[in-house]
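The next block is work_36.cif, given as mmCIF, N, CA and C atoms.
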```
data_entry
#
loop_
_atom_site.label_atom_id
_atom_site.label_comp_id
_atom_site.auth_asym_id
_atom_site.auth_seq_id
_atom_site.Cartn_x
_atom_site.Cartn_y
_atom_site.Cartn_z
N MET E 42 26.44 -7.59 13.31
CA MET E 42 26.30 -6.63 12.23
C MET E 42 25.33 -7.18 11.19
N ARG E 43 24.47 -6.33 10.71
CA ARG E 43 23.50 -6.69 9.68
C ARG E 43 24.01 -6.17 8.34
N CYS E 44 23.84 -6.98 7.28
CA CYS E 44 24.18 -6.59 5.92
C CYS E 44 23.05 -6.98 4.99
N VAL E 45 22.78 -6.13 4.03
CA VAL E 45 21.78 -6.41 2.99
C VAL E 45 22.53 -6.87 1.75
N LEU E 46 22.04 -7.92 1.11
CA LEU E 46 22.68 -8.46 -0.08
C LEU E 46 21.94 -8.01 -1.34
N ASP E 47 22.70 -7.65 -2.35
CA ASP E 47 22.14 -7.38 -3.66
C ASP E 47 21.90 -8.72 -4.35
N THR E 48 21.06 -8.73 -5.35
CA THR E 48 20.67 -9.97 -6.03
C THR E 48 21.87 -10.75 -6.55
N HIS E 49 22.77 -10.06 -7.24
CA HIS E 49 23.91 -10.77 -7.83
C HIS E 49 24.83 -11.35 -6.76
N VAL E 50 24.93 -10.71 -5.62
CA VAL E 50 25.77 -11.23 -4.54
C VAL E 50 25.17 -12.53 -4.01
N TRP E 51 23.87 -12.54 -3.82
CA TRP E 51 23.18 -13.76 -3.38
C TRP E 51 23.40 -14.89 -4.38
N PHE E 52 23.24 -14.58 -5.66
CA PHE E 52 23.42 -15.59 -6.71
C PHE E 52 24.86 -16.08 -6.75
N TRP E 53 25.82 -15.16 -6.75
CA TRP E 53 27.23 -15.55 -6.79
C TRP E 53 27.62 -16.36 -5.56
N TRP E 54 27.08 -15.99 -4.41
CA TRP E 54 27.38 -16.71 -3.17
C TRP E 54 27.05 -18.19 -3.33
N GLN E 55 25.98 -18.48 -4.08
CA GLN E 55 25.55 -19.85 -4.29
C GLN E 55 26.28 -20.52 -5.47
N MET E 56 26.45 -19.79 -6.55
CA MET E 56 26.85 -20.38 -7.83
C MET E 56 28.27 -20.06 -8.28
N ALA E 57 28.80 -18.94 -7.85
CA ALA E 57 30.12 -18.51 -8.34
C ALA E 57 30.85 -17.72 -7.26
N PRO E 58 31.16 -18.35 -6.12
CA PRO E 58 31.77 -17.60 -5.02
C PRO E 58 33.10 -16.94 -5.39
N TYR E 59 33.78 -17.44 -6.40
CA TYR E 59 35.03 -16.83 -6.85
C TYR E 59 34.82 -15.40 -7.36
N ARG E 60 33.59 -15.02 -7.70
CA ARG E 60 33.29 -13.68 -8.19
C ARG E 60 33.13 -12.66 -7.07
N ILE E 61 33.05 -13.14 -5.86
CA ILE E 61 32.83 -12.27 -4.70
C ILE E 61 34.18 -11.74 -4.21
N SER E 62 34.23 -10.46 -3.94
CA SER E 62 35.47 -9.85 -3.46
C SER E 62 35.85 -10.45 -2.11
N PRO E 63 37.14 -10.42 -1.77
CA PRO E 63 37.55 -10.94 -0.46
C PRO E 63 36.84 -10.23 0.70
N ASN E 64 36.65 -8.92 0.60
CA ASN E 64 35.96 -8.19 1.65
C ASN E 64 34.52 -8.67 1.80
N ALA E 65 33.80 -8.80 0.67
CA ALA E 65 32.42 -9.28 0.72
C ALA E 65 32.36 -10.71 1.23
N ALA E 66 33.32 -11.54 0.84
CA ALA E 66 33.35 -12.94 1.29
C ALA E 66 33.46 -13.01 2.82
N ARG E 67 34.23 -12.11 3.41
CA ARG E 67 34.35 -12.08 4.87
C ARG E 67 32.99 -11.74 5.49
N LEU E 68 32.26 -10.83 4.87
CA LEU E 68 30.94 -10.46 5.39
C LEU E 68 29.95 -11.61 5.29
N LEU E 69 30.08 -12.43 4.24
CA LEU E 69 29.15 -13.53 4.00
C LEU E 69 29.51 -14.80 4.77
N ASP E 70 30.67 -14.84 5.36
CA ASP E 70 31.13 -16.04 6.06
C ASP E 70 30.16 -16.40 7.18
N PRO E 71 29.54 -17.60 7.11
CA PRO E 71 28.59 -18.01 8.15
C PRO E 71 29.20 -18.03 9.55
N GLU E 72 30.49 -18.25 9.63
CA GLU E 72 31.17 -18.29 10.94
C GLU E 72 31.21 -16.91 11.60
N ALA E 73 31.02 -15.85 10.80
CA ALA E 73 31.08 -14.49 11.35
C ALA E 73 29.83 -14.14 12.14
N GLY E 74 28.76 -14.90 11.96
CA GLY E 74 27.54 -14.67 12.73
C GLY E 74 26.79 -13.41 12.38
N ARG E 75 26.93 -12.94 11.16
CA ARG E 75 26.23 -11.72 10.75
C ARG E 75 24.78 -12.02 10.40
N ASP E 76 23.96 -11.01 10.50
CA ASP E 76 22.57 -11.07 10.07
C ASP E 76 22.56 -10.65 8.60
N LEU E 77 22.44 -11.61 7.69
CA LEU E 77 22.45 -11.33 6.26
C LEU E 77 21.02 -11.27 5.78
N VAL E 78 20.67 -10.15 5.17
CA VAL E 78 19.30 -9.88 4.79
C VAL E 78 19.19 -9.81 3.27
N LEU E 79 18.23 -10.55 2.72
CA LEU E 79 17.97 -10.53 1.29
C LEU E 79 16.61 -9.88 1.06
N PRO E 80 16.56 -8.74 0.38
CA PRO E 80 15.27 -8.14 0.07
C PRO E 80 14.44 -9.08 -0.80
N ALA E 81 13.16 -9.18 -0.51
CA ALA E 81 12.27 -10.08 -1.25
C ALA E 81 12.29 -9.81 -2.76
N ILE E 82 12.51 -8.57 -3.15
CA ILE E 82 12.54 -8.24 -4.58
C ILE E 82 13.65 -9.00 -5.29
N CYS E 83 14.69 -9.41 -4.57
CA CYS E 83 15.80 -10.15 -5.18
C CYS E 83 15.33 -11.51 -5.71
N VAL E 84 14.40 -12.14 -5.03
CA VAL E 84 13.86 -13.41 -5.51
C VAL E 84 13.15 -13.19 -6.84
N TRP E 85 12.34 -12.15 -6.91
CA TRP E 85 11.65 -11.80 -8.16
C TRP E 85 12.66 -11.49 -9.26
N GLU E 86 13.68 -10.69 -8.92
CA GLU E 86 14.66 -10.31 -9.93
C GLU E 86 15.41 -11.53 -10.46
N LEU E 87 15.78 -12.44 -9.58
CA LEU E 87 16.47 -13.65 -10.03
C LEU E 87 15.56 -14.49 -10.92
N ALA E 88 14.31 -14.65 -10.54
CA ALA E 88 13.36 -15.42 -11.35
C ALA E 88 13.17 -14.78 -12.73
N LYS E 89 13.17 -13.46 -12.78
CA LYS E 89 13.06 -12.76 -14.07
C LYS E 89 14.30 -13.01 -14.93
N LEU E 90 15.47 -13.05 -14.32
CA LEU E 90 16.70 -13.34 -15.07
C LEU E 90 16.67 -14.74 -15.66
N VAL E 91 16.13 -15.68 -14.91
CA VAL E 91 15.97 -17.04 -15.43
C VAL E 91 14.95 -17.04 -16.56
N GLU E 92 13.83 -16.38 -16.35
CA GLU E 92 12.77 -16.31 -17.36
C GLU E 92 13.30 -15.75 -18.68
N LYS E 93 14.14 -14.73 -18.59
CA LYS E 93 14.68 -14.07 -19.78
C LYS E 93 15.88 -14.80 -20.38
N GLY E 94 16.34 -15.87 -19.71
CA GLY E 94 17.47 -16.64 -20.21
C GLY E 94 18.81 -16.00 -19.94
N ARG E 95 18.87 -15.02 -19.05
CA ARG E 95 20.14 -14.36 -18.75
C ARG E 95 20.98 -15.17 -17.78
N ILE E 96 20.33 -16.04 -17.00
CA ILE E 96 21.05 -17.02 -16.18
C ILE E 96 20.35 -18.36 -16.33
N THR E 97 21.11 -19.41 -16.13
CA THR E 97 20.59 -20.77 -16.24
C THR E 97 20.86 -21.50 -14.93
N LEU E 98 19.87 -22.22 -14.48
CA LEU E 98 20.00 -23.02 -13.27
C LEU E 98 19.86 -24.49 -13.63
N ALA E 99 20.43 -25.37 -12.85
CA ALA E 99 20.37 -26.81 -13.10
C ALA E 99 19.06 -27.42 -12.60
N GLU E 100 18.23 -26.61 -11.96
CA GLU E 100 16.95 -27.09 -11.42
C GLU E 100 15.92 -25.99 -11.58
N PRO E 101 14.64 -26.30 -11.39
CA PRO E 101 13.62 -25.25 -11.47
C PRO E 101 13.93 -24.11 -10.50
N VAL E 102 13.60 -22.91 -10.94
CA VAL E 102 13.96 -21.73 -10.14
C VAL E 102 13.37 -21.79 -8.73
N GLY E 103 12.17 -22.31 -8.57
CA GLY E 103 11.57 -22.40 -7.23
C GLY E 103 12.37 -23.30 -6.30
N GLN E 104 12.88 -24.40 -6.83
CA GLN E 104 13.72 -25.28 -6.01
C GLN E 104 15.04 -24.60 -5.66
N TRP E 105 15.64 -23.95 -6.65
CA TRP E 105 16.90 -23.27 -6.41
C TRP E 105 16.73 -22.20 -5.33
N VAL E 106 15.67 -21.41 -5.45
CA VAL E 106 15.42 -20.35 -4.48
C VAL E 106 15.24 -20.93 -3.08
N GLY E 107 14.48 -22.02 -2.96
CA GLY E 107 14.29 -22.64 -1.66
C GLY E 107 15.60 -23.03 -1.01
N LYS E 108 16.48 -23.64 -1.78
CA LYS E 108 17.79 -24.03 -1.25
C LYS E 108 18.64 -22.81 -0.92
N ALA E 109 18.62 -21.82 -1.81
CA ALA E 109 19.46 -20.63 -1.62
C ALA E 109 19.00 -19.79 -0.43
N LEU E 110 17.73 -19.83 -0.12
CA LEU E 110 17.24 -19.08 1.04
C LEU E 110 17.55 -19.79 2.35
N ALA E 111 17.95 -21.05 2.28
CA ALA E 111 18.25 -21.82 3.48
C ALA E 111 19.71 -21.68 3.92
N MET E 112 20.46 -20.81 3.28
CA MET E 112 21.86 -20.63 3.65
C MET E 112 21.96 -20.11 5.09
N PRO E 113 22.95 -20.58 5.85
CA PRO E 113 23.10 -20.15 7.25
C PRO E 113 23.24 -18.63 7.36
N GLY E 114 22.49 -18.06 8.28
CA GLY E 114 22.59 -16.64 8.56
C GLY E 114 21.79 -15.75 7.63
N LEU E 115 21.12 -16.33 6.64
CA LEU E 115 20.38 -15.52 5.66
C LEU E 115 18.91 -15.49 6.04
N ARG E 116 18.33 -14.29 5.96
CA ARG E 116 16.89 -14.18 6.15
C ARG E 116 16.31 -13.29 5.07
N LEU E 117 15.08 -13.55 4.73
CA LEU E 117 14.39 -12.80 3.69
C LEU E 117 13.69 -11.60 4.33
N ALA E 118 13.90 -10.42 3.75
CA ALA E 118 13.23 -9.22 4.23
C ALA E 118 12.01 -8.98 3.34
N PRO E 119 10.82 -9.02 3.91
CA PRO E 119 9.63 -8.80 3.09
C PRO E 119 9.58 -7.37 2.57
N LEU E 120 8.81 -7.18 1.53
CA LEU E 120 8.62 -5.83 1.00
C LEU E 120 7.62 -5.12 1.89
N SER E 121 8.12 -4.30 2.77
CA SER E 121 7.27 -3.57 3.72
C SER E 121 6.75 -2.29 3.07
N PRO E 122 5.67 -1.74 3.60
CA PRO E 122 5.20 -0.45 3.10
C PRO E 122 6.28 0.64 3.21
N GLU E 123 7.06 0.60 4.29
CA GLU E 123 8.12 1.60 4.48
C GLU E 123 9.16 1.51 3.36
N VAL E 124 9.56 0.30 3.00
CA VAL E 124 10.54 0.11 1.92
C VAL E 124 9.92 0.53 0.58
N ALA E 125 8.67 0.16 0.35
CA ALA E 125 8.01 0.52 -0.91
C ALA E 125 7.98 2.04 -1.09
N VAL E 126 7.62 2.75 -0.05
CA VAL E 126 7.57 4.21 -0.13
C VAL E 126 8.98 4.79 -0.27
N GLU E 127 9.92 4.30 0.54
CA GLU E 127 11.30 4.80 0.48
C GLU E 127 11.87 4.64 -0.92
N SER E 128 11.54 3.55 -1.59
CA SER E 128 12.09 3.30 -2.93
C SER E 128 11.63 4.34 -3.95
N THR E 129 10.53 5.01 -3.67
CA THR E 129 10.01 6.02 -4.61
C THR E 129 10.50 7.43 -4.30
N CYS E 130 11.19 7.59 -3.18
CA CYS E 130 11.64 8.94 -2.82
C CYS E 130 13.08 8.92 -2.31
N LEU E 131 13.93 8.13 -2.98
CA LEU E 131 15.34 8.10 -2.61
C LEU E 131 15.94 9.49 -2.83
N PRO E 132 16.76 9.96 -1.90
CA PRO E 132 17.34 11.30 -2.08
C PRO E 132 18.35 11.33 -3.21
N GLY E 133 18.51 12.50 -3.77
CA GLY E 133 19.48 12.68 -4.84
C GLY E 133 19.06 11.96 -6.11
N ALA E 134 20.01 11.81 -7.01
CA ALA E 134 19.75 11.15 -8.28
C ALA E 134 20.08 9.67 -8.17
N PHE E 135 19.12 8.83 -8.53
CA PHE E 135 19.34 7.39 -8.55
C PHE E 135 18.68 6.84 -9.80
N HIS E 136 19.26 5.80 -10.39
CA HIS E 136 18.74 5.29 -11.65
C HIS E 136 17.35 4.66 -11.49
N ALA E 137 16.71 4.39 -12.62
CA ALA E 137 15.29 4.03 -12.63
C ALA E 137 14.99 2.54 -12.48
N ASP E 138 15.97 1.71 -12.20
CA ASP E 138 15.71 0.27 -12.06
C ASP E 138 14.94 0.03 -10.76
N PRO E 139 13.67 -0.43 -10.86
CA PRO E 139 12.87 -0.58 -9.65
C PRO E 139 13.43 -1.61 -8.66
N ALA E 140 14.04 -2.67 -9.15
CA ALA E 140 14.62 -3.67 -8.23
C ALA E 140 15.77 -3.04 -7.45
N ASP E 141 16.65 -2.31 -8.13
CA ASP E 141 17.74 -1.64 -7.42
C ASP E 141 17.21 -0.62 -6.43
N GLN E 142 16.16 0.08 -6.80
CA GLN E 142 15.55 1.05 -5.88
C GLN E 142 15.06 0.36 -4.61
N MET E 143 14.43 -0.80 -4.77
CA MET E 143 13.93 -1.55 -3.61
C MET E 143 15.07 -2.08 -2.75
N VAL E 144 16.13 -2.56 -3.38
CA VAL E 144 17.28 -3.08 -2.64
C VAL E 144 17.92 -1.95 -1.83
N VAL E 145 18.15 -0.81 -2.48
CA VAL E 145 18.74 0.34 -1.79
C VAL E 145 17.81 0.82 -0.68
N ALA E 146 16.52 0.88 -0.95
CA ALA E 146 15.56 1.32 0.07
C ALA E 146 15.58 0.38 1.27
N THR E 147 15.71 -0.91 1.04
CA THR E 147 15.77 -1.88 2.14
C THR E 147 16.99 -1.59 3.01
N ALA E 148 18.14 -1.37 2.38
CA ALA E 148 19.36 -1.07 3.15
C ALA E 148 19.19 0.23 3.94
N ARG E 149 18.57 1.22 3.32
CA ARG E 149 18.38 2.50 4.01
C ARG E 149 17.42 2.35 5.20
N VAL E 150 16.30 1.66 4.99
CA VAL E 150 15.32 1.49 6.06
C VAL E 150 15.92 0.69 7.22
N LEU E 151 16.68 -0.34 6.90
CA LEU E 151 17.31 -1.16 7.94
C LEU E 151 18.57 -0.53 8.51
N GLN E 152 19.02 0.58 7.89
CA GLN E 152 20.24 1.26 8.29
C GLN E 152 21.41 0.27 8.34
N ALA E 153 21.52 -0.48 7.22
CA ALA E 153 22.54 -1.52 7.13
C ALA E 153 23.34 -1.32 5.85
N PRO E 154 24.60 -1.73 5.84
CA PRO E 154 25.37 -1.65 4.61
C PRO E 154 24.83 -2.64 3.57
N LEU E 155 24.99 -2.26 2.32
CA LEU E 155 24.55 -3.06 1.20
C LEU E 155 25.76 -3.68 0.53
N VAL E 156 25.78 -5.01 0.44
CA VAL E 156 26.88 -5.72 -0.21
C VAL E 156 26.54 -5.81 -1.69
N THR E 157 27.34 -5.12 -2.53
CA THR E 157 27.06 -5.07 -3.96
C THR E 157 28.32 -4.78 -4.74
N ALA E 158 28.39 -5.36 -5.93
CA ALA E 158 29.46 -5.05 -6.87
C ALA E 158 29.01 -3.99 -7.87
N ASP E 159 27.76 -3.61 -7.82
CA ASP E 159 27.17 -2.67 -8.77
C ASP E 159 27.79 -1.28 -8.58
N ALA E 160 28.54 -0.83 -9.58
CA ALA E 160 29.24 0.46 -9.49
C ALA E 160 28.27 1.62 -9.35
N ARG E 161 27.11 1.54 -9.99
CA ARG E 161 26.14 2.64 -9.88
C ARG E 161 25.63 2.77 -8.45
N ILE E 162 25.39 1.64 -7.82
CA ILE E 162 24.91 1.69 -6.43
C ILE E 162 26.04 2.13 -5.50
N ARG E 163 27.24 1.62 -5.74
CA ARG E 163 28.37 1.99 -4.88
C ARG E 163 28.67 3.49 -4.98
N ALA E 164 28.36 4.10 -6.11
CA ALA E 164 28.60 5.53 -6.29
C ALA E 164 27.50 6.39 -5.68
N TYR E 165 26.40 5.79 -5.32
CA TYR E 165 25.26 6.52 -4.75
C TYR E 165 25.60 6.91 -3.31
N PRO E 166 25.65 8.19 -3.01
CA PRO E 166 26.15 8.61 -1.70
C PRO E 166 25.17 8.44 -0.54
N HIS E 167 23.95 8.00 -0.83
CA HIS E 167 22.93 7.94 0.24
C HIS E 167 22.69 6.52 0.76
N VAL E 168 23.63 5.62 0.47
CA VAL E 168 23.59 4.28 1.04
C VAL E 168 25.04 3.85 1.27
N THR E 169 25.25 3.10 2.33
CA THR E 169 26.59 2.55 2.58
C THR E 169 26.70 1.25 1.80
N ALA E 170 27.53 1.27 0.77
CA ALA E 170 27.73 0.08 -0.07
C ALA E 170 29.13 -0.45 0.16
N VAL E 171 29.23 -1.76 0.30
CA VAL E 171 30.53 -2.40 0.51
C VAL E 171 30.75 -3.45 -0.54
N TRP E 172 31.99 -3.57 -0.93
CA TRP E 172 32.41 -4.61 -1.86
C TRP E 172 33.84 -4.96 -1.57
#
```

Could you quickly redo this structure as structure tokens?
Amino acid sequence: MRCVLDTHVWFWWQMAPYRISPNAARLLDPEAGRDLVLPAICVWELAKLVEKGRITLAEPVGQWVGKALAMPGLRLAPLSPEVAVESTCLPGAFHADPADQMVVATARVLQAPLVTADARIRAYPHVTAVW
């Protein structure tokens, strides 16, 4: 089974696993052998959070990202033209956060559930969101 991770889930998985729901933790378990996909926009979003001082890391963000991308079962999904276009024409009403649009578009293009605690995304009926 393939799952797409939202930015905060990727960050919590590394830094605060206690914040992850039991259901999401089962999906992230390396022993489960799932294909865990991180949209490339999540790396940018995390770096922006560090830049703005909304999160603090004990090491430079580039080093942290390198280590966090090396987690077992995790692969980075590049920003493809298909995802870029999909993010601009999501069906129904979706909020204007471009990073969230890209994350949702990645899940839709890959036809995979999105692991997220974000209530706005979970309420969006055009993506399968799990938490």

Expand the PyMOL selection byres ((chain E and resi 79-94) around 7) into the individual residues it matches in the shown file, reporting them as a list in words.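 So the PyMOL selection byres ((chain E and resi 79-94) around 7) ends up selecting Cys44, Val45, Leu46, Asp47, Thr48, Leu77, Val78, Arg95, Ile96, Thr97, Leu98, Val102, Leu115, Arg116, Leu117, Ala118, Pro119, Leu120, Ala140, Met143, Val144 and Thr147 of chain E.
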
Enclose the full set of atoms of range 129-137 of chain E listed in the file within a box whose edges lie along x, y and z, apply 3 Å of padding to each of the six sides, and report centre and edge lengths in Å to one decimal as AutoDock Vina command-line options.
```
--center_x 15.0 --center_y 7.6 --center_z -7.3 --size_x 16.1 --size_y 16.1 --size_z 16.7
```

Hey, what does DSSP flag as strand (DSSP E) within chain E? Can you give it to me as a PyMOL selection string? chain E and resi 43-46+76-80+115-118+155-156+170-171

For Val126 in chain E, which of E:Ala153, E:Ala146, E:Arg163, E:Thr169 is the closest residue, counting only N, CA and C atoms? E:Ala146

Restricting the calculation to only N, CA and C atoms, which member of E:Gly114, E:Thr157, E:Gly107, E:Trp53 is positioned closest to Pro71 in chain E?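 Closest candidate: E:Gly114.
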
When you draw a straight line from atom N of Asp141 in chain E to atom N of Ser121 in chain E, how long is it in Å?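 Distance reported for this atom pair: 14.0 Å.
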
Kindly give the distance, in Å, that separates atom N of Val124 in chain E and CA of Arg149 in chain E, rounded to a single decimal.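 Taking atom N of Val124 in chain E as the start and CA of Arg149 in chain E as the end point, the length is 9.1 Å.
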
Quick one, how far is CA of Leu69 in chain E from atom C of Thr129 in chain E? 29.3 Å

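Of the residues listed (E:Met42, E:Ala109, E:Leu155, E:Met56), E:Met42 shows the shortest atom-to-atom separation from Arg75 in chain E; distances use all atoms listed in the file.
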
Nearest to Phe52 in chain E, restricted to only C-alpha atoms and choosing among E:Ala125, E:Ala73, E:Ala99, E:Val106, comes out as E:Val106

DSSP-assigned alpha helix (DSSP H) members of range 83-145 of chain E, reported as number ranges by chain: E: 83-92, 102-110, 122-129, 139-145

Please evaluate the PyMOL selection byres (((chain E and resi 55 and name CA) around 10) and name CA) against the displayed coordinates and give the resulting residues as a PDB file with N, CA and C atoms, in the frame of the given file.
```
ATOM      1  N   HIS E  49      22.770 -10.060  -7.240  1.00  0.00           N
ATOM      2  CA  HIS E  49      23.910 -10.770  -7.830  1.00  0.00           C
ATOM      3  C   HIS E  49      24.830 -11.350  -6.760  1.00  0.00           C
ATOM      4  N   VAL E  50      24.930 -10.710  -5.620  1.00  0.00           N
ATOM      5  CA  VAL E  50      25.770 -11.230  -4.540  1.00  0.00           C
ATOM      6  C   VAL E  50      25.170 -12.530  -4.010  1.00  0.00           C
ATOM      7  N   TRP E  51      23.870 -12.540  -3.820  1.00  0.00           N
ATOM      8  CA  TRP E  51      23.180 -13.760  -3.380  1.00  0.00           C
ATOM      9  C   TRP E  51      23.400 -14.890  -4.380  1.00  0.00           C
ATOM     10  N   PHE E  52      23.240 -14.580  -5.660  1.00  0.00           N
ATOM     11  CA  PHE E  52      23.420 -15.590  -6.710  1.00  0.00           C
ATOM     12  C   PHE E  52      24.860 -16.080  -6.750  1.00  0.00           C
ATOM     13  N   TRP E  53      25.820 -15.160  -6.750  1.00  0.00           N
ATOM     14  CA  TRP E  53      27.230 -15.550  -6.790  1.00  0.00           C
ATOM     15  C   TRP E  53      27.620 -16.360  -5.560  1.00  0.00           C
ATOM     16  N   TRP E  54      27.080 -15.990  -4.410  1.00  0.00           N
ATOM     17  CA  TRP E  54      27.380 -16.710  -3.170  1.00  0.00           C
ATOM     18  C   TRP E  54      27.050 -18.190  -3.330  1.00  0.00           C
ATOM     19  N   MET E  56      26.450 -19.790  -6.550  1.00  0.00           N
ATOM     20  CA  MET E  56      26.850 -20.380  -7.830  1.00  0.00           C
ATOM     21  C   MET E  56      28.270 -20.060  -8.280  1.00  0.00           C
ATOM     22  N   ALA E  57      28.800 -18.940  -7.850  1.00  0.00           N
ATOM     23  CA  ALA E  57      30.120 -18.510  -8.340  1.00  0.00           C
ATOM     24  C   ALA E  57      30.850 -17.720  -7.260  1.00  0.00           C
ATOM     25  N   PRO E  58      31.160 -18.350  -6.120  1.00  0.00           N
ATOM     26  CA  PRO E  58      31.770 -17.600  -5.020  1.00  0.00           C
ATOM     27  C   PRO E  58      33.100 -16.940  -5.390  1.00  0.00           C
ATOM     28  N   TRP E 105      15.640 -23.950  -6.650  1.00  0.00           N
ATOM     29  CA  TRP E 105      16.900 -23.270  -6.410  1.00  0.00           C
ATOM     30  C   TRP E 105      16.730 -22.200  -5.330  1.00  0.00           C
ATOM     31  N   LYS E 108      16.480 -23.640  -1.780  1.00  0.00           N
ATOM     32  CA  LYS E 108      17.790 -24.030  -1.250  1.00  0.00           C
ATOM     33  C   LYS E 108      18.640 -22.810  -0.920  1.00  0.00           C
ATOM     34  N   ALA E 109      18.620 -21.820  -1.810  1.00  0.00           N
ATOM     35  CA  ALA E 109      19.460 -20.630  -1.620  1.00  0.00           C
ATOM     36  C   ALA E 109      19.000 -19.790  -0.430  1.00  0.00           C
ATOM     37  N   LEU E 110      17.730 -19.830  -0.120  1.00  0.00           N
ATOM     38  CA  LEU E 110      17.240 -19.080   1.040  1.00  0.00           C
ATOM     39  C   LEU E 110      17.550 -19.790   2.350  1.00  0.00           C
ATOM     40  N   MET E 112      20.460 -20.810   3.280  1.00  0.00           N
ATOM     41  CA  MET E 112      21.860 -20.630   3.650  1.00  0.00           C
ATOM     42  C   MET E 112      21.960 -20.110   5.090  1.00  0.00           C
TER      43      MET E 112
END
```
